[in-house]
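**Q** One structure, pasted below without further comment.
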Amino acid sequence: MRSGLLAAALLGALTACGNLDAREDGAAGAASRFEASLRATDTVRSCAALAPGTRDELEQTAELPCARALPEAGLPPAEKVRTVDVYGRQARVVTDKDTLFLSAFPGGWKITAAGCTARPEKPYQCLIKGG
């Protein structure tokens with residue numbers, strides 16, 4: 001009986017790690033694709049990578065369509081993902097020049113905030129974010 005419980009607990013732990021690894025890989029991949037599209041000035045792909053609320057907020061704040069507003073936001077183009085933290089359906093991806101926040105949607109990970117800078121004992125300050 002005990003060995004059966006131990007085996008079930010071990011299997012559960014391994015499955016949870018696999019799911020976490022897959023979510024971390026998915027978030028890192030989405031962030032890398034977003035950064036690559038920014039570097040390539042591919043605004044169609046960059047805007048498609050944004051969560052709907054983030055895109056709406058960007059367009060409303062800038063009073064421009066996303067394809068014109070995003071380049072003007074001044075996001076630092078990053079090259080490399082340094083760390084990924086996943087918490088349920090939310091993720092934080094730290095790159096060599098930026099911090100991005102993402103959410104999992106049915107179609108994959110989407111950027112909810114970018115151009116974010118940590119502030120001691122305060123929320124991150126982000127150049128773009130959802131409303």
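Labels used: A, B, ... for chains in the order of the structure tokens, numbers from 1 for residues in each chain, and numbers from 1 for ligands as shown.
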Using only C-alpha atoms, determine which residues lie at most 8 Å from Glu79 in chain A, disregarding the query and same-chain residues fewer than 2 positions distant; provide the list as a list of chain:residue names.

**A**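 Residues near the query, excluding close chain neighbours: A:Ser32, A:Glu35, A:Ala36, A:Pro77, A:Val81, A:Thr95, A:Asp96, A:Lys97.
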
**Q** Please produce an output containing C-alpha atoms for each residue in the selection, written as a CSV table (one decimal), in the first residue's frame.

**A**
chain,number,residue,atom,x,y,z
A,32,SER,CA,11.5,35.4,-27.7
A,35,GLU,CA,11.4,40.4,-29.1
A,36,ALA,CA,12.5,39.0,-32.5
A,77,PRO,CA,14.9,45.3,-28.1
A,81,VAL,CA,15.9,35.3,-22.2
A,95,THR,CA,15.5,39.2,-20.8
A,96,ASP,CA,18.9,40.9,-21.1
A,97,LYS,CA,17.2,44.3,-21.6

**Q** So which bits of chain A end up alpha helix (DSSP H) when you DSSP the backbone, as an mmCIF file with N, CA and C atoms, in the first residue's frame?

**A**
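Output (part00.cif):
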data_model
loop_
_atom_site.group_PDB
_atom_site.id
_atom_site.type_symbol
_atom_site.label_atom_id
_atom_site.label_comp_id
_atom_site.auth_asym_id
_atom_site.auth_seq_id
_atom_site.Cartn_x
_atom_site.Cartn_y
_atom_site.Cartn_z
ATOM 1 N N ARG A 2 1.879 1.264 0.892
ATOM 2 C CA ARG A 2 2.749 2.444 0.972
ATOM 3 C C ARG A 2 3.514 2.666 -0.317
ATOM 4 N N SER A 3 4.024 1.586 -0.916
ATOM 5 C CA SER A 3 4.790 1.748 -2.149
ATOM 6 C C SER A 3 3.896 2.277 -3.270
ATOM 7 N N GLY A 4 2.624 1.896 -3.248
ATOM 8 C CA GLY A 4 1.679 2.419 -4.241
ATOM 9 C C GLY A 4 1.445 3.910 -4.063
ATOM 10 N N LEU A 5 1.312 4.354 -2.807
ATOM 11 C CA LEU A 5 1.144 5.784 -2.536
ATOM 12 C C LEU A 5 2.398 6.565 -2.904
ATOM 13 N N LEU A 6 3.553 5.991 -2.588
ATOM 14 C CA LEU A 6 4.811 6.648 -2.917
ATOM 15 C C LEU A 6 4.961 6.782 -4.440
ATOM 16 N N ALA A 7 4.629 5.718 -5.154
ATOM 17 C CA ALA A 7 4.717 5.757 -6.615
ATOM 18 C C ALA A 7 3.751 6.791 -7.192
ATOM 19 N N ALA A 8 2.560 6.880 -6.640
ATOM 20 C CA ALA A 8 1.582 7.866 -7.115
ATOM 21 C C ALA A 8 2.056 9.288 -6.837
ATOM 22 N N ALA A 9 2.640 9.497 -5.659
ATOM 23 C CA ALA A 9 3.152 10.831 -5.315
ATOM 24 C C ALA A 9 4.313 11.207 -6.214
ATOM 25 N N LEU A 10 5.208 10.262 -6.479
ATOM 26 C CA LEU A 10 6.345 10.530 -7.349
ATOM 27 C C LEU A 10 5.886 10.822 -8.771
ATOM 28 N N LEU A 11 4.953 10.056 -9.275
ATOM 29 C CA LEU A 11 4.418 10.290 -10.612
ATOM 30 C C LEU A 11 3.757 11.663 -10.693
ATOM 31 N N GLY A 12 3.014 12.031 -9.664
ATOM 32 C CA GLY A 12 2.381 13.347 -9.634
ATOM 33 C C GLY A 12 3.404 14.463 -9.641
ATOM 34 N N ALA A 13 4.472 14.300 -8.892
ATOM 35 C CA ALA A 13 5.531 15.317 -8.845
ATOM 36 C C ALA A 13 6.222 15.443 -10.189
ATOM 37 N N LEU A 14 6.506 14.319 -10.826
ATOM 38 C CA LEU A 14 7.160 14.357 -12.132
ATOM 39 C C LEU A 14 6.249 14.971 -13.194
ATOM 40 N N THR A 15 4.981 14.671 -13.140
ATOM 41 C CA THR A 15 4.031 15.236 -14.097
ATOM 42 C C THR A 15 3.914 16.739 -13.900
ATOM 43 N N ALA A 16 3.868 17.191 -12.675
ATOM 44 C CA ALA A 16 3.773 18.623 -12.398
ATOM 45 C C ALA A 16 5.004 19.347 -12.917
ATOM 46 N N CYS A 17 6.195 18.746 -12.745
ATOM 47 C CA CYS A 17 7.422 19.375 -13.241
ATOM 48 C C CYS A 17 7.400 19.461 -14.752
ATOM 49 N N GLY A 18 6.942 18.398 -15.407
ATOM 50 C CA GLY A 18 6.852 18.407 -16.861
ATOM 51 C C GLY A 18 5.911 19.490 -17.340
ATOM 52 N N ASN A 19 4.787 19.654 -16.682
ATOM 53 C CA ASN A 19 3.854 20.706 -17.065
ATOM 54 C C ASN A 19 4.459 22.083 -16.836
ATOM 55 N N LEU A 20 5.163 22.259 -15.743
ATOM 56 C CA LEU A 20 5.807 23.535 -15.462
ATOM 57 C C LEU A 20 6.876 23.830 -16.510
ATOM 58 N N ASP A 21 7.684 22.828 -16.844
ATOM 59 C CA ASP A 21 8.711 23.016 -17.872
ATOM 60 C C ASP A 21 8.082 23.413 -19.202
ATOM 61 N N ALA A 22 6.992 22.775 -19.569
ATOM 62 C CA ALA A 22 6.321 23.097 -20.827
ATOM 63 C C ALA A 22 5.760 24.517 -20.804
ATOM 64 N N ARG A 23 5.193 24.922 -19.662
ATOM 65 C CA ARG A 23 4.669 26.288 -19.555
ATOM 66 C C ARG A 23 5.801 27.306 -19.591
ATOM 67 N N GLU A 24 6.908 27.014 -18.919
ATOM 68 C CA GLU A 24 8.063 27.917 -18.957
ATOM 69 C C GLU A 24 8.605 28.032 -20.375
ATOM 70 N N ASP A 25 8.719 26.901 -21.072
ATOM 71 C CA ASP A 25 9.196 26.914 -22.455
ATOM 72 C C ASP A 25 8.250 27.702 -23.354
ATOM 73 N N GLY A 26 6.954 27.532 -23.142
ATOM 74 C CA GLY A 26 5.963 28.260 -23.944
ATOM 75 C C GLY A 26 6.042 29.757 -23.723
ATOM 76 N N ALA A 27 6.166 30.172 -22.472
ATOM 77 C CA ALA A 27 6.270 31.599 -22.161
ATOM 78 C C ALA A 27 7.573 32.173 -22.710
ATOM 79 N N ALA A 28 8.677 31.456 -22.532
ATOM 80 C CA ALA A 28 9.971 31.924 -23.049
ATOM 81 C C ALA A 28 9.936 32.022 -24.566
ATOM 82 N N GLY A 29 9.318 31.050 -25.223
ATOM 83 C CA GLY A 29 9.220 31.078 -26.678
ATOM 84 C C GLY A 29 8.395 32.252 -27.167
ATOM 85 N N ALA A 30 7.284 32.523 -26.502
ATOM 86 C CA ALA A 30 6.434 33.660 -26.890
ATOM 87 C C ALA A 30 7.177 34.974 -26.702
ATOM 88 N N ALA A 31 7.904 35.102 -25.599
ATOM 89 C CA ALA A 31 8.678 36.324 -25.348
ATOM 90 C C ALA A 31 9.789 36.475 -26.386
ATOM 91 N N SER A 32 10.464 35.392 -26.712
ATOM 92 C CA SER A 32 11.541 35.437 -27.718
ATOM 93 C C SER A 32 11.005 35.821 -29.091
ATOM 94 N N ARG A 33 9.862 35.266 -29.469
ATOM 95 C CA ARG A 33 9.259 35.610 -30.767
ATOM 96 C C ARG A 33 8.841 37.072 -30.800
ATOM 97 N N PHE A 34 8.290 37.571 -29.680
ATOM 98 C CA PHE A 34 7.903 38.974 -29.596
ATOM 99 C C PHE A 34 9.133 39.866 -29.751
ATOM 100 N N GLU A 35 10.194 39.560 -29.031
ATOM 101 C CA GLU A 35 11.418 40.360 -29.116
ATOM 102 C C GLU A 35 12.009 40.306 -30.526
ATOM 103 N N ALA A 36 11.997 39.133 -31.150
ATOM 104 C CA ALA A 36 12.511 39.005 -32.524
ATOM 105 C C ALA A 36 11.684 39.853 -33.489
ATOM 106 N N SER A 37 10.376 39.872 -33.303
ATOM 107 C CA SER A 37 9.526 40.678 -34.190
ATOM 108 C C SER A 37 9.770 42.173 -33.965
ATOM 109 N N LEU A 38 10.074 42.570 -32.721
ATOM 110 C CA LEU A 38 10.422 43.975 -32.459
ATOM 111 C C LEU A 38 11.727 44.345 -33.159
ATOM 112 N N ARG A 39 12.727 43.478 -33.044
ATOM 113 C CA ARG A 39 14.020 43.757 -33.687
ATOM 114 C C ARG A 39 13.883 43.822 -35.201
ATOM 115 N N THR A 43 5.758 44.834 -37.191
ATOM 116 C CA THR A 43 4.708 45.287 -36.281
ATOM 117 C C THR A 43 3.468 44.405 -36.332
ATOM 118 N N VAL A 44 3.229 43.742 -37.450
ATOM 119 C CA VAL A 44 2.074 42.841 -37.536
ATOM 120 C C VAL A 44 2.242 41.697 -36.539
ATOM 121 N N ARG A 45 3.409 41.072 -36.546
ATOM 122 C CA ARG A 45 3.669 39.972 -35.612
ATOM 123 C C ARG A 45 3.766 40.477 -34.175
ATOM 124 N N SER A 46 4.395 41.638 -33.986
ATOM 125 C CA SER A 46 4.526 42.190 -32.631
ATOM 126 C C SER A 46 3.154 42.473 -32.032
ATOM 127 N N CYS A 47 2.284 43.102 -32.814
ATOM 128 C CA CYS A 47 0.943 43.424 -32.314
ATOM 129 C C CYS A 47 0.116 42.171 -32.073
ATOM 130 N N ALA A 48 0.298 41.157 -32.913
ATOM 131 C CA ALA A 48 -0.433 39.895 -32.739
ATOM 132 C C ALA A 48 0.001 39.176 -31.462
ATOM 133 N N PRO A 52 -5.173 40.896 -25.932
ATOM 134 C CA PRO A 52 -6.176 41.853 -26.421
ATOM 135 C C PRO A 52 -6.286 43.125 -25.577
ATOM 136 N N GLY A 53 -6.302 43.009 -24.261
ATOM 137 C CA GLY A 53 -6.410 44.183 -23.398
ATOM 138 C C GLY A 53 -5.193 45.089 -23.487
ATOM 139 N N THR A 54 -4.037 44.497 -23.678
ATOM 140 C CA THR A 54 -2.798 45.275 -23.798
ATOM 141 C C THR A 54 -2.790 46.040 -25.114
ATOM 142 N N ARG A 55 -3.189 45.366 -26.155
ATOM 143 C CA ARG A 55 -3.258 46.028 -27.474
ATOM 144 C C ARG A 55 -4.274 47.171 -27.436
ATOM 145 N N ASP A 56 -5.431 46.915 -26.866
ATOM 146 C CA ASP A 56 -6.466 47.959 -26.758
ATOM 147 C C ASP A 56 -5.966 49.164 -25.968
ATOM 148 N N GLU A 57 -5.322 48.913 -24.833
ATOM 149 C CA GLU A 57 -4.800 49.991 -23.984
ATOM 150 C C GLU A 57 -3.740 50.805 -24.733
ATOM 151 N N LEU A 58 -2.848 50.121 -25.444
ATOM 152 C CA LEU A 58 -1.813 50.796 -26.220
ATOM 153 C C LEU A 58 -2.437 51.710 -27.273
ATOM 154 N N GLU A 59 -3.412 51.193 -28.005
ATOM 155 C CA GLU A 59 -4.054 51.976 -29.061
ATOM 156 C C GLU A 59 -4.843 53.155 -28.492
ATOM 157 N N GLN A 60 -5.523 52.939 -27.396
ATOM 158 C CA GLN A 60 -6.304 54.030 -26.791
ATOM 159 C C GLN A 60 -5.408 55.112 -26.222
ATOM 160 N N THR A 61 -4.339 54.716 -25.553
ATOM 161 C CA THR A 61 -3.427 55.691 -24.958
ATOM 162 C C THR A 61 -2.710 56.506 -26.028
ATOM 163 N N ALA A 62 -2.238 55.839 -27.071
ATOM 164 C CA ALA A 62 -1.494 56.517 -28.137
ATOM 165 C C ALA A 62 -2.409 57.183 -29.160
ATOM 166 N N CYS A 66 -2.150 49.913 -33.387
ATOM 167 C CA CYS A 66 -1.022 49.222 -32.759
ATOM 168 C C CYS A 66 0.239 49.293 -33.621
ATOM 169 N N ALA A 67 0.113 49.074 -34.918
ATOM 170 C CA ALA A 67 1.281 49.047 -35.799
ATOM 171 C C ALA A 67 2.051 50.366 -35.781
ATOM 172 N N ARG A 68 1.405 51.457 -35.468
ATOM 173 C CA ARG A 68 2.090 52.754 -35.363
ATOM 174 C C ARG A 68 2.455 53.076 -33.925
ATOM 175 N N ALA A 69 1.630 52.652 -32.978
ATOM 176 C CA ALA A 69 1.859 52.970 -31.571
ATOM 177 C C ALA A 69 2.998 52.158 -30.963
ATOM 178 N N LEU A 70 3.112 50.902 -31.328
ATOM 179 C CA LEU A 70 4.113 50.034 -30.699
ATOM 180 C C LEU A 70 5.545 50.516 -30.944
ATOM 181 N N PRO A 71 5.926 50.878 -32.167
ATOM 182 C CA PRO A 71 7.294 51.390 -32.348
ATOM 183 C C PRO A 71 7.569 52.668 -31.543
ATOM 184 N N GLU A 72 6.553 53.467 -31.327
ATOM 185 C CA GLU A 72 6.712 54.710 -30.581
ATOM 186 C C GLU A 72 6.768 54.498 -29.071
#

**Q** Leaving out Lys110 in chain A and any residue of its chain fewer than 3 positions from it, which residues lie within 8 Å of it when counting only C-alpha atoms, given as a PDB file with N, CA, C and O atoms, in the first residue's frame?

**A**
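In the end it all went to part-v9.pdb:
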ATOM      1  N   ALA A  30       7.284  32.523 -26.502  1.00  0.00           N
ATOM      2  CA  ALA A  30       6.434  33.660 -26.890  1.00  0.00           C
ATOM      3  C   ALA A  30       7.177  34.974 -26.702  1.00  0.00           C
ATOM      4  O   ALA A  30       7.120  35.867 -27.554  1.00  0.00           O
ATOM      5  N   ALA A  49       1.215  39.457 -30.993  1.00  0.00           N
ATOM      6  CA  ALA A  49       1.728  38.805 -29.781  1.00  0.00           C
ATOM      7  C   ALA A  49       1.169  39.424 -28.503  1.00  0.00           C
ATOM      8  O   ALA A  49       1.292  38.848 -27.426  1.00  0.00           O
ATOM      9  N   LEU A  50       0.552  40.596 -28.622  1.00  0.00           N
ATOM     10  CA  LEU A  50       0.004  41.271 -27.449  1.00  0.00           C
ATOM     11  C   LEU A  50      -1.339  40.684 -27.044  1.00  0.00           C
ATOM     12  O   LEU A  50      -2.149  40.310 -27.901  1.00  0.00           O
ATOM     13  N   ALA A  51      -1.596  40.645 -25.757  1.00  0.00           N
ATOM     14  CA  ALA A  51      -2.918  40.246 -25.252  1.00  0.00           C
ATOM     15  C   ALA A  51      -3.930  41.298 -25.716  1.00  0.00           C
ATOM     16  O   ALA A  51      -3.581  42.472 -25.873  1.00  0.00           O
ATOM     17  N   LEU A 102       3.330  37.881 -19.166  1.00  0.00           N
ATOM     18  CA  LEU A 102       2.508  37.164 -20.130  1.00  0.00           C
ATOM     19  C   LEU A 102       1.369  36.443 -19.427  1.00  0.00           C
ATOM     20  O   LEU A 102       1.464  36.143 -18.236  1.00  0.00           O
ATOM     21  N   SER A 103       0.328  36.153 -20.197  1.00  0.00           N
ATOM     22  CA  SER A 103      -0.781  35.323 -19.729  1.00  0.00           C
ATOM     23  C   SER A 103      -1.027  34.231 -20.761  1.00  0.00           C
ATOM     24  O   SER A 103      -0.838  34.450 -21.957  1.00  0.00           O
ATOM     25  N   ALA A 104      -1.458  33.080 -20.274  1.00  0.00           N
ATOM     26  CA  ALA A 104      -1.795  31.973 -21.161  1.00  0.00           C
ATOM     27  C   ALA A 104      -3.225  32.156 -21.667  1.00  0.00           C
ATOM     28  O   ALA A 104      -4.144  32.350 -20.880  1.00  0.00           O
ATOM     29  N   PHE A 105      -3.377  32.115 -22.980  1.00  0.00           N
ATOM     30  CA  PHE A 105      -4.673  32.188 -23.643  1.00  0.00           C
ATOM     31  C   PHE A 105      -4.901  30.881 -24.384  1.00  0.00           C
ATOM     32  O   PHE A 105      -3.944  30.117 -24.573  1.00  0.00           O
TER      33      PHE A 105
END

**Q** Could you give me, as a list in words, the residues within 6 Å of range 111-120 of chain A, counting only C-alpha atoms and dropping anything in the same chain fewer than 6 positions from it?

**A** Leu50, Ala51, Thr54, Leu75, Asp98, Thr99, Leu100, Phe101, Leu102, Cys126, Leu127, Ile128, Lys129 and Gly130 of chain A

**Q** State, in Å with one decimal place, the distance from CA of Val94 in chain A to CA of Gly74 in chain A.

**A**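 Rounded to one decimal, the two atoms are 17.2 Å apart.
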